[in-house]
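> Input structure: run00.csv, which contains CSV, C-alpha atoms and all ligand atoms.
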```csv
chain,number,residue,atom,x,y,z
B,1,MET,CA,80.9,115.0,107.3
B,2,LEU,CA,81.2,114.7,103.6
B,3,ILE,CA,84.5,116.2,102.5
B,4,PRO,CA,84.2,118.4,99.4
B,5,THR,CA,85.9,116.7,96.4
B,6,ASN,CA,88.1,119.7,95.7
B,7,ILE,CA,89.6,119.5,99.2
B,8,LEU,CA,90.4,115.8,98.8
B,9,THR,CA,91.9,116.3,95.3
B,10,GLU,CA,94.1,119.2,96.6
B,11,THR,CA,95.2,117.0,99.6
B,12,VAL,CA,96.4,114.2,97.3
B,13,GLN,CA,98.1,116.8,95.0
B,14,THR,CA,99.8,118.5,98.0
B,15,ARG,CA,100.9,115.1,99.5
B,16,ARG,CA,102.4,114.1,96.1
B,17,HIS,CA,104.1,117.4,95.7
B,18,ILE,CA,105.7,117.3,99.1
B,19,HIS,CA,106.6,113.7,98.4
B,20,GLN,CA,108.5,114.7,95.3
B,21,TYR,CA,110.4,117.4,97.0
B,22,PRO,CA,111.3,116.0,100.5
B,23,GLU,CA,113.4,118.0,102.9
B,24,LEU,CA,115.4,116.9,106.0
B,25,GLY,CA,115.3,118.0,109.7
B,26,SER,CA,114.7,121.6,110.1
B,27,GLU,CA,115.7,122.5,106.6
B,28,VAL,CA,112.1,122.2,105.4
B,29,TYR,CA,112.1,125.6,103.6
B,30,GLN,CA,110.0,124.7,100.6
B,31,THR,CA,107.5,122.7,102.6
B,32,VAL,CA,107.1,125.6,105.1
B,33,ALA,CA,106.6,128.1,102.3
B,34,LEU,CA,103.9,125.9,100.8
B,35,VAL,CA,102.2,125.4,104.2
B,36,ARG,CA,102.4,129.1,105.0
B,37,GLN,CA,100.9,130.2,101.7
B,38,GLU,CA,97.9,127.9,102.1
B,39,LEU,CA,97.3,128.9,105.7
B,40,LEU,CA,97.4,132.6,104.8
B,41,ALA,CA,95.0,132.0,101.9
B,42,LEU,CA,92.6,130.6,104.4
B,43,GLY,CA,92.7,133.9,106.3
B,44,LEU,CA,94.3,132.4,109.4
B,45,GLU,CA,96.7,134.2,111.8
B,46,VAL,CA,100.0,132.5,110.9
B,47,HIS,CA,103.0,132.5,113.3
B,48,SER,CA,106.3,131.6,111.5
B,49,ASN,CA,109.8,130.7,112.6
B,50,ILE,CA,108.6,129.0,115.7
B,51,GLY,CA,111.3,126.7,117.1
B,52,LYS,CA,113.4,125.2,114.3
B,53,ASN,CA,111.5,126.3,111.2
B,54,GLY,CA,108.1,125.4,112.6
B,55,LEU,CA,104.9,127.4,112.2
B,56,TYR,CA,101.4,127.5,113.6
B,57,ALA,CA,98.1,129.1,112.6
B,58,ASP,CA,95.2,130.1,114.9
B,59,LEU,CA,91.5,129.9,114.1
B,60,ASN,CA,89.7,131.9,116.7
B,61,VAL,CA,86.0,131.8,117.3
B,62,PRO,CA,83.8,134.0,119.5
B,63,ASN,CA,83.0,132.7,123.0
B,64,ALA,CA,85.5,129.8,122.6
B,65,GLY,CA,85.6,127.3,125.5
B,66,LYS,CA,89.2,126.0,125.0
B,67,ARG,CA,92.0,126.0,122.5
B,68,ILE,CA,92.7,122.6,120.8
B,69,ALA,CA,95.9,122.0,118.9
B,70,LEU,CA,96.3,119.7,116.0
B,71,ARG,CA,99.9,118.8,115.1
B,72,ALA,CA,101.6,117.5,111.9
B,73,ASP,CA,105.2,117.0,111.1
B,74,MET,CA,106.9,117.9,107.9
B,75,ASP,CA,110.4,116.4,107.6
B,76,ALA,CA,111.6,113.4,105.5
B,77,LEU,CA,114.3,110.8,106.0
B,78,PRO,CA,117.9,110.4,104.7
B,79,ILE,CA,117.0,107.3,102.6
B,80,GLN,CA,116.8,106.5,98.9
B,81,GLU,CA,113.3,105.7,97.9
B,82,LEU,CA,112.8,102.4,96.0
B,83,GLY,CA,109.7,101.2,94.2
B,84,ASP,CA,107.7,102.7,91.3
B,85,LYS,CA,105.6,105.6,92.4
B,86,SER,CA,104.8,108.0,89.6
B,87,TYR,CA,105.5,110.8,92.0
B,88,GLN,CA,108.8,109.4,93.4
B,89,SER,CA,111.2,111.6,95.4
B,90,THR,CA,113.2,113.8,93.0
B,91,ILE,CA,116.0,114.3,95.6
B,92,LYS,CA,118.7,111.6,95.8
B,93,GLY,CA,119.0,109.9,99.1
B,94,ILE,CA,116.0,111.8,100.7
B,95,ALA,CA,112.5,110.5,100.9
B,96,HIS,CA,109.2,110.7,102.9
B,97,MET,CA,109.3,107.1,104.1
B,98,CYS,CA,107.6,108.0,107.4
B,99,GLY,CA,104.5,109.5,105.9
B,100,HIS,CA,105.0,113.1,107.1
B,101,ASP,CA,104.1,114.3,103.6
B,102,ALA,CA,100.6,112.8,104.3
B,103,HIS,CA,100.5,114.3,107.8
B,104,THR,CA,101.2,117.8,106.4
B,105,ALA,CA,98.7,117.5,103.5
B,106,MET,CA,96.0,116.1,105.8
B,107,LEU,CA,96.3,118.9,108.3
B,108,LEU,CA,96.2,121.5,105.5
B,109,GLY,CA,93.1,119.7,104.1
B,110,ALA,CA,91.5,119.7,107.5
B,111,ALA,CA,92.3,123.4,108.0
B,112,LYS,CA,90.3,124.1,104.8
B,113,LEU,CA,87.4,122.0,105.9
B,114,ILE,CA,87.3,123.4,109.5
B,115,VAL,CA,87.5,127.0,108.2
B,116,GLN,CA,84.5,126.3,106.0
B,117,TYR,CA,82.5,125.1,109.0
B,118,LYS,CA,84.0,127.5,111.6
B,119,ASP,CA,80.5,128.6,112.6
B,120,ARG,CA,80.1,125.1,114.2
B,121,LEU,CA,83.3,125.4,116.3
B,122,GLN,CA,83.1,125.7,120.0
B,123,HIS,CA,86.8,126.0,120.6
B,124,ASN,CA,89.7,127.9,119.1
B,125,ILE,CA,91.9,125.7,116.9
B,126,ARG,CA,95.7,125.9,116.6
B,127,PHE,CA,97.2,124.1,113.5
B,128,ILE,CA,100.8,123.2,114.3
B,129,PHE,CA,103.3,122.2,111.6
B,130,GLN,CA,106.6,121.0,113.1
B,131,ALA,CA,109.9,120.3,111.5
B,132,ASP,CA,112.8,118.0,112.6
B,133,GLU,CA,110.7,115.1,114.1
B,134,GLU,CA,113.1,112.4,112.9
B,135,ASN,CA,116.1,113.7,114.8
B,136,ILE,CA,117.1,113.9,118.5
B,137,PRO,CA,116.3,116.1,120.3
B,138,GLY,CA,113.8,117.0,117.6
B,139,GLY,CA,111.6,119.9,116.6
B,140,ALA,CA,109.0,119.8,119.4
B,141,ILE,CA,111.2,121.1,122.2
B,142,PRO,CA,112.2,124.4,120.5
B,143,MET,CA,108.5,124.9,119.5
B,144,ILE,CA,107.4,124.5,123.1
B,145,GLU,CA,110.2,126.9,124.2
B,146,ASP,CA,108.8,129.4,121.6
B,147,GLY,CA,105.3,129.2,123.2
B,148,VAL,CA,103.5,126.9,120.8
B,149,LEU,CA,101.5,125.3,123.7
B,150,GLU,CA,100.7,128.6,125.5
B,151,GLY,CA,97.0,128.9,125.9
B,152,VAL,CA,96.5,125.4,124.5
B,153,ASP,CA,94.3,123.0,126.6
B,154,ALA,CA,94.8,119.8,124.6
B,155,ILE,CA,96.9,118.6,121.7
B,156,TYR,CA,96.4,115.8,119.2
B,157,GLY,CA,98.6,114.1,116.7
B,158,GLN,CA,98.1,111.3,114.2
B,159,HIS,CA,100.6,109.0,112.4
B,160,VAL,CA,99.9,106.9,109.3
B,161,TRP,CA,100.2,103.3,110.5
B,162,PRO,CA,101.1,100.5,108.0
B,163,THR,CA,100.1,97.6,110.2
B,164,LEU,CA,96.4,98.8,110.2
B,165,GLU,CA,94.2,98.6,107.2
B,166,THR,CA,93.0,101.8,105.7
B,167,GLY,CA,89.8,102.8,107.5
B,168,LYS,CA,91.0,101.6,110.9
B,169,ILE,CA,92.0,103.9,113.6
B,170,GLY,CA,94.2,102.7,116.5
B,171,LEU,CA,94.0,104.3,119.9
B,172,CYS,CA,96.0,103.6,123.1
B,173,THR,CA,95.5,105.0,126.6
B,174,GLY,CA,98.5,105.9,128.7
B,175,PRO,CA,101.9,105.0,127.3
B,176,THR,CA,101.6,105.1,123.5
B,177,MET,CA,105.0,105.5,121.9
B,178,GLY,CA,108.2,104.4,123.6
B,179,GLN,CA,111.2,106.4,124.8
B,180,PRO,CA,114.0,105.6,122.4
B,181,ASP,CA,117.4,106.1,124.2
B,182,ILE,CA,120.9,105.7,122.8
B,183,LEU,CA,123.7,103.9,124.5
B,184,GLU,CA,127.3,104.4,123.3
B,185,ILE,CA,130.2,102.5,124.8
B,186,THR,CA,133.9,102.4,124.3
B,187,ILE,CA,135.9,99.5,125.9
B,188,THR,CA,139.6,100.0,126.0
B,189,GLY,CA,141.9,96.9,126.6
B,190,LYS,CA,145.4,96.5,125.4
B,191,GLY,CA,146.1,95.9,121.7
B,192,GLY,CA,148.8,93.6,120.3
B,193,HIS,CA,149.7,90.7,118.0
B,194,ALA,CA,147.0,88.2,117.3
B,195,ALA,CA,149.6,85.4,117.8
B,196,TYR,CA,150.2,86.5,121.4
B,197,PRO,CA,146.8,87.2,123.0
B,198,HIS,CA,148.2,86.5,126.5
B,199,ASP,CA,150.1,89.8,126.1
B,200,THR,CA,146.9,91.7,125.3
B,201,ILE,CA,143.6,92.6,126.9
B,202,ASP,CA,141.2,91.8,124.1
B,203,PRO,CA,138.3,94.2,123.9
B,204,ILE,CA,136.5,92.0,121.4
B,205,ILE,CA,136.2,89.2,123.9
B,206,ILE,CA,135.0,91.6,126.6
B,207,ALA,CA,132.4,93.2,124.3
B,208,ALA,CA,131.1,89.7,123.3
B,209,GLN,CA,130.7,88.7,127.0
B,210,TYR,CA,129.0,92.0,127.7
B,211,ILE,CA,126.6,91.8,124.8
B,212,ASN,CA,125.6,88.2,125.9
B,213,ALA,CA,125.3,89.3,129.6
B,214,VAL,CA,123.0,92.2,128.6
B,215,GLN,CA,120.5,89.7,127.0
B,216,ALA,CA,119.6,88.6,130.5
B,217,ILE,CA,118.5,92.2,131.6
B,218,VAL,CA,115.2,92.2,129.7
B,219,ALA,CA,114.7,88.5,130.4
B,220,ARG,CA,115.5,88.6,134.1
B,221,ASN,CA,115.4,92.2,135.5
B,222,VAL,CA,112.3,93.5,133.8
B,223,SER,CA,108.8,92.2,134.7
B,224,ALA,CA,107.1,90.1,132.1
B,225,LEU,CA,104.3,92.6,132.2
B,226,ASP,CA,106.6,95.6,131.3
B,227,ALA,CA,108.0,96.4,127.9
B,228,ALA,CA,111.7,96.9,127.1
B,229,VAL,CA,114.0,96.5,124.1
B,230,VAL,CA,117.8,96.5,124.1
B,231,SER,CA,119.2,96.2,120.5
B,232,PHE,CA,122.9,96.5,119.8
B,233,THR,CA,123.1,98.1,116.4
B,234,ILE,CA,126.8,99.1,115.8
B,235,ILE,CA,130.0,97.3,116.7
B,236,GLU,CA,133.3,98.9,115.5
B,237,ALA,CA,136.7,97.4,116.1
B,238,GLY,CA,139.9,96.2,114.4
B,239,THR,CA,142.0,97.0,111.4
B,240,ALA,CA,143.7,93.8,110.3
B,241,HIS,CA,143.3,90.0,110.8
B,242,ASN,CA,146.5,89.8,112.8
B,243,ILE,CA,146.0,92.6,115.2
B,244,ILE,CA,144.1,92.5,118.5
B,245,PRO,CA,142.6,96.0,118.7
B,246,GLU,CA,143.1,98.4,121.6
B,247,THR,CA,139.4,99.5,121.6
B,248,ILE,CA,135.9,98.5,120.6
B,249,LYS,CA,132.9,100.8,120.2
B,250,LEU,CA,129.3,99.6,120.7
B,251,SER,CA,126.0,101.4,120.1
B,252,ALA,CA,122.6,100.2,121.2
B,253,SER,CA,119.0,101.4,121.0
B,254,ILE,CA,117.2,101.2,124.4
B,255,ARG,CA,113.4,101.4,124.3
B,256,THR,CA,111.0,101.5,127.2
B,257,LEU,CA,107.5,102.6,128.1
B,258,SER,CA,108.0,103.8,131.6
B,259,LEU,CA,110.5,105.8,133.6
B,260,SER,CA,111.0,103.1,136.3
B,261,VAL,CA,111.9,100.4,133.7
B,262,LYS,CA,114.2,102.8,131.9
B,263,THR,CA,116.0,103.8,135.1
B,264,ASN,CA,116.5,100.1,136.1
B,265,LEU,CA,117.7,99.2,132.6
B,266,LYS,CA,120.2,102.0,132.5
B,267,LYS,CA,121.5,101.0,136.0
B,268,ARG,CA,121.9,97.3,135.0
B,269,LEU,CA,123.6,98.2,131.6
B,270,TYR,CA,126.1,100.2,133.6
B,271,GLN,CA,126.7,97.6,136.3
B,272,LEU,CA,127.3,94.7,133.9
B,273,LEU,CA,129.7,96.8,131.8
B,274,GLU,CA,131.6,97.9,134.9
B,275,GLN,CA,131.9,94.4,136.3
B,276,THR,CA,132.7,92.8,132.9
B,277,CYS,CA,135.5,95.3,132.4
B,278,LEU,CA,136.7,94.9,135.9
B,279,ALA,CA,137.0,91.2,135.5
B,280,HIS,CA,139.3,91.7,132.5
B,281,ASP,CA,141.2,94.8,133.7
B,282,ALA,CA,139.8,96.9,130.9
B,283,HIS,CA,138.5,100.5,131.0
B,284,PHE,CA,135.3,101.8,129.6
B,285,GLU,CA,133.2,104.9,128.7
B,286,PHE,CA,129.5,104.7,129.1
B,287,ASN,CA,127.4,107.4,127.4
B,288,TYR,CA,123.6,107.2,127.7
B,289,SER,CA,121.5,109.8,125.9
B,290,ASP,CA,117.8,110.3,126.4
B,291,GLY,CA,115.7,110.0,123.3
B,292,HIS,CA,112.3,111.5,122.6
B,293,ALA,CA,110.1,111.7,125.7
B,294,LEU,CA,107.5,108.9,126.2
B,295,THR,CA,104.3,109.7,124.3
B,296,TYR,CA,101.5,109.5,126.9
B,297,ASN,CA,97.8,109.5,125.9
B,298,HIS,CA,95.7,111.3,128.5
B,299,PRO,CA,93.0,108.9,129.6
B,300,ASP,CA,90.2,111.6,129.5
B,301,LEU,CA,91.1,112.7,125.9
B,302,THR,CA,91.3,109.1,124.8
B,303,GLN,CA,88.0,108.2,126.3
B,304,LYS,CA,86.3,111.2,124.7
B,305,LEU,CA,87.7,110.1,121.3
B,306,VAL,CA,86.6,106.5,121.9
B,307,HIS,CA,83.0,107.8,122.2
B,308,LEU,CA,83.3,110.0,119.2
B,309,LEU,CA,84.7,107.4,116.7
B,310,ASP,CA,82.8,104.7,114.9
B,311,PRO,CA,83.4,101.5,117.0
B,312,LYS,CA,83.5,99.3,113.9
B,313,ASN,CA,86.6,101.1,112.7
B,314,LEU,CA,88.3,101.7,116.0
B,315,ILE,CA,91.0,99.4,117.4
B,316,TYR,CA,91.0,100.2,121.1
B,317,PRO,CA,93.0,99.5,123.0
B,318,HIS,CA,95.7,99.3,120.4
B,319,PRO,CA,99.0,98.1,121.7
B,320,PRO,CA,101.6,100.8,122.3
B,321,SER,CA,104.6,101.1,119.9
B,322,MET,CA,108.2,100.9,121.0
B,323,ALA,CA,109.1,103.4,118.2
B,324,GLY,CA,109.8,106.9,119.4
B,325,GLU,CA,108.0,110.1,118.5
B,326,ASP,CA,108.8,113.7,119.6
B,327,PHE,CA,105.1,114.3,120.1
B,328,GLY,CA,106.0,112.9,123.5
B,329,TYR,CA,107.4,116.2,124.6
B,330,TYR,CA,103.9,117.9,124.1
B,331,SER,CA,102.3,115.0,126.0
B,332,GLN,CA,104.6,115.7,128.9
B,333,LYS,CA,103.4,119.3,129.1
B,334,ILE,CA,99.6,119.2,128.5
B,335,PRO,CA,96.9,116.6,127.9
B,336,ALA,CA,97.6,114.9,124.6
B,337,CYS,CA,96.4,112.1,122.4
B,338,PHE,CA,98.3,110.4,119.6
B,339,ILE,CA,96.4,108.4,117.1
B,340,PHE,CA,97.4,105.6,114.6
B,341,LEU,CA,95.8,106.1,111.2
B,342,GLY,CA,95.5,102.8,109.2
B,343,CYS,CA,97.2,103.2,105.7
B,344,ARG,CA,97.8,99.5,104.7
B,345,ASN,CA,96.1,98.1,101.7
B,346,GLU,CA,97.2,94.5,100.8
B,347,ALA,CA,95.0,94.5,97.6
B,348,LYS,CA,97.0,97.4,96.3
B,349,GLY,CA,100.3,95.9,97.5
B,350,ILE,CA,100.8,98.6,100.1
B,351,THR,CA,102.3,96.8,103.1
B,352,ALA,CA,105.9,98.1,103.6
B,353,MET,CA,106.7,99.5,107.1
B,354,LEU,CA,107.6,103.0,108.1
B,355,HIS,CA,111.3,103.8,107.3
B,356,SER,CA,111.4,101.1,104.7
B,357,PRO,CA,112.7,102.3,101.3
B,358,TYR,CA,109.5,100.8,99.8
B,359,PHE,CA,107.1,102.5,102.3
B,360,ASP,CA,103.9,103.8,100.7
B,361,LEU,CA,100.5,104.7,102.0
B,362,ASP,CA,97.1,104.0,100.7
B,363,GLU,CA,95.9,107.6,99.8
B,364,ASP,CA,92.4,106.6,100.7
B,365,CYS,CA,93.6,107.1,104.3
B,366,LEU,CA,93.9,110.9,103.7
B,367,GLU,CA,90.2,111.4,103.7
B,368,ILE,CA,89.9,109.4,107.0
B,369,GLY,CA,92.7,111.5,108.5
B,370,ILE,CA,90.9,114.7,107.5
B,371,GLN,CA,87.6,113.4,109.0
B,372,LEU,CA,89.5,112.5,112.2
B,373,TRP,CA,90.9,116.1,112.5
B,374,TYR,CA,87.4,117.5,111.8
B,375,THR,CA,85.8,115.3,114.5
B,376,ILE,CA,88.5,116.3,117.0
B,377,ALA,CA,88.1,120.0,116.2
B,378,MET,CA,84.3,120.0,116.4
B,379,GLN,CA,84.1,118.1,119.7
B,380,SER,CA,82.1,119.8,122.5
N,1,ZN,ZN,109.8,108.2,111.3
N,2,ZN,ZN,107.0,109.7,111.7
```
Take the structure in the file and write it out as structure tokens.
Ligand SMILES: [Zn+2]
Ligand SMILES: [Zn+2]


Amino acid sequence: MLIPTNILTETVQTRRHIHQYPELGSEVYQTVALVRQELLALGLEVHSNIGKNGLYADLNVPNAGKRIALRADMDALPIQELGDKSYQSTIKGIAHMCGHDAHTAMLLGAAKLIVQYKDRLQHNIRFIFQADEENIPGGAIPMIEDGVLEGVDAIYGQHVWPTLETGKIGLCTGPTMGQPDILEITITGKGGHAAYPHDTIDPIIIAAQYINAVQAIVARNVSALDAAVVSFTIIEAGTAHNIIPETIKLSASIRTLSLSVKTNLKKRLYQLLEQTCLAHDAHFEFNYSDGHALTYNHPDLTQKLVHLLDPKNLIYPHPPSMAGEDFGYYSQKIPACFIFLGCRNEAKGITAMLHSPYFDLDEDCLEIGIQLWYTIAMQS
């Protein structure tokens, strides 16, 4: 399918506009207004205020077999953009460093293309624009609660992917994006003078032993064929060089690709903390919060796409990612498929990763993303 030049030009303009005016979480008011206006202009039936400031539009055709949903996310990140784009973020400390500007623009571009060729459609299409992807619990759950998946047979999502060259499409079957959980711990010992440690219970020593002990969990309690990550990311303790603190706080990011590995990891993290604190007569609090659900690519949907896509551009099977994505909640409800869209271009110097302040995407990928949406929408 040759995409009309005006659709491509408008998609680039839309992406750059959203990039210049990024919005956080569910506060995506300007972005929603822009999306809504474009969908209404296409004559689509638009449903607004779904979940946390999400919306969707339906394109219905006579004698439709199924309803297929295509989903984009709209929110930016609390990060200061660096680099020298001519269309840099105009909002201090907020920027589209995860490519959701491109996701929104591509789905709007695809909606224009699909509406033009709606006579060829065999299925009803639902265009879903979701807010608040970057936060936990995220924007997918409230949209599901508001019925966004009702009457939907399959849902697809795509994410720009800076480890893949523009033109390449990565596809996994089964577990595709990890479950990113959060562990928060407080260890309470007995504070005192740094000169008399024997009169204290030093929580820093206990935390150090615990962090070291935890390194053996992935190495010795998880099969070499399973994936798991435990990263301690925050340690907070102490106020002065001569005081042993009373407490220490730790935070960690726990990432897995299966429920059984996650359950085992959580159990071992607790046991080691309990035993380490017991050994030192310290107390602890252990708060484990579930992150986004695992994104699971339905094997039938994946296989169908494998046959539809040009094998020379397809990376299949692409390895799953340990990053999280709230598309996972849709994939726990109905057959789903999440696709990695290459956006890297070393010749143009576009290599920074998602969530980097230098992240950028090769805008040539927008055309490929629209093609991908069209292919999915037109499948029989
Ligand atoms: Zn992100
Ligand atoms: Zn993202």

> Write out as an NGL selection string the residues lying within 9 Å of range 139-155 of chain B, counting only C-alpha atoms and excluding same-chain residues fewer than 5 positions away.

:B and (25-26 or 50-56 or 66-71 or 73 or 125-126 or 128 or 130-134 or 301 or 326-331 or 333-338)

> As a PyMOL selection string, please: the residues near Leu305 in chain B (cut-off 10 Å, all atoms listed in the file, same-chain neighbours under 5 positions excluded).

chain B and resi 171+299-300+310+314+337+339+372+375-376+379

> Residues around (100.7, 123.1, 101.2), cut-off 7 Å, counting all atoms listed in the file - what are they as a ChimeraX atom specification?

/B:14,31,34-35,38,105,108

> With C-alpha atoms retained, write the just-selected residues as an mmCIF file, in the frame of the given file.


```
data_model
loop_
_atom_site.group_PDB
_atom_site.id
_atom_site.type_symbol
_atom_site.label_atom_id
_atom_site.label_comp_id
_atom_site.auth_asym_id
_atom_site.auth_seq_id
_atom_site.Cartn_x
_atom_site.Cartn_y
_atom_site.Cartn_z
ATOM 1 C CA THR B 14 99.800 118.500 98.000
ATOM 2 C CA THR B 31 107.500 122.700 102.600
ATOM 3 C CA LEU B 34 103.900 125.900 100.800
ATOM 4 C CA VAL B 35 102.200 125.400 104.200
ATOM 5 C CA GLU B 38 97.900 127.900 102.100
ATOM 6 C CA ALA B 105 98.700 117.500 103.500
ATOM 7 C CA LEU B 108 96.200 121.500 105.500
#
```

> Extract, using all atoms listed in the file, all DNA, RNA and protein residues at most 12 Å from His283 in chain B, discarding same-chain residues fewer than 5 positions from it, and format them as a ChimeraX atom specification.

/B:185-190,201-203,206-207,246-248,273-278

> Leaving out range 230-235 of chain B and any residue of its chain fewer than 4 positions from it, which residues lie within 7 Å of it when counting only C-alpha atoms, given as a list in words?

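Counting only C-alpha atoms, the residues come to Lys249, Leu250, Ser251, Ala252, Ser253, Ile254 and Arg255 of chain B.
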
> Which residues are near ligand ZN 2 (chain N) - at most 7 Å, using all atoms listed in the file? Format: as a ChimeraX atom specification.

/B:98-100,133-134,159,325

> Return the single residue from B:Gln179, B:Thr351, B:Gln116, B:Asn135 that is closest to ligand ZN 1 (chain N), with distances computed using all atoms listed in the file.

B:Asn135

> Could you tell me how far CA of Gly43 in chain B lies from CA of Leu107 in chain B, in Å and to one decimal?

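Separating CA of Gly43 in chain B from CA of Leu107 in chain B is a distance of 15.6 Å.
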
> For Thr173 in chain B, which residue among B:Ala33, B:Val306, B:Ile3, B:Leu265 is the nearest when counting all atoms listed in the file?

B:Val306

> Of the residues B:Gln332, B:Asn287, B:Asn63, B:Ser356, which is the one nearest to ligand ZN 1 (chain N), using only C-alpha atoms and all ligand atoms?

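Using only C-alpha atoms and all ligand atoms, ligand ZN 1 (chain N) sits closest to B:Ser356.
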
> Considering all atoms listed in the file, state which residue in the set B:Leu42, B:Ile205, B:Ala219, B:Leu259 is at the smallest distance from Asp290 in chain B.

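Going through B:Leu42, B:Ile205, B:Ala219, B:Leu259 one by one, the smallest distance to Asp290 in chain B is for B:Leu259.
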
> Please report the interatomic distance between CA of Val160 in chain B and CA of Lys92 in chain B in Å with one decimal.

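We find that CA of Val160 in chain B and CA of Lys92 in chain B lie 23.6 Å from each other.
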
> Expressed in Å to a single decimal, how great is the separation between CA of Ala72 in chain B and CA of Leu40 in chain B?

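Atom-to-atom, CA of Ala72 in chain B to CA of Leu40 in chain B, that is 17.2 Å.
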
> Using all atoms listed in the file for the distances, tell me which of B:Lys262, B:His103, B:His96, B:Lys118 is nearest to Val12 in chain B.

B:His103

> Which residue out of B:Ser223, B:Gln122, B:Pro175, B:Pro317 has the minimum interatomic distance to Pro62 in chain B when all atoms listed in the file are used?

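Using all atoms listed in the file, Pro62 in chain B sits closest to B:Gln122.
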
> Could you pull the residues within 12 Å of Gly349 in chain B, counting all atoms listed in the file, minus those fewer than 5 positions along the same chain, as number ranges by chain?

B: 83-84, 162, 165, 343-344, 358-362

> Place a sphere of radius 7 Å on (100.1, 107.2, 129.0) in the file coordinates and name every protein, DNA or RNA residue with an atom inside or on its surface, counting all atoms listed in the file; give the answer as a ChimeraX atom specification.

/B:173-176,295-298
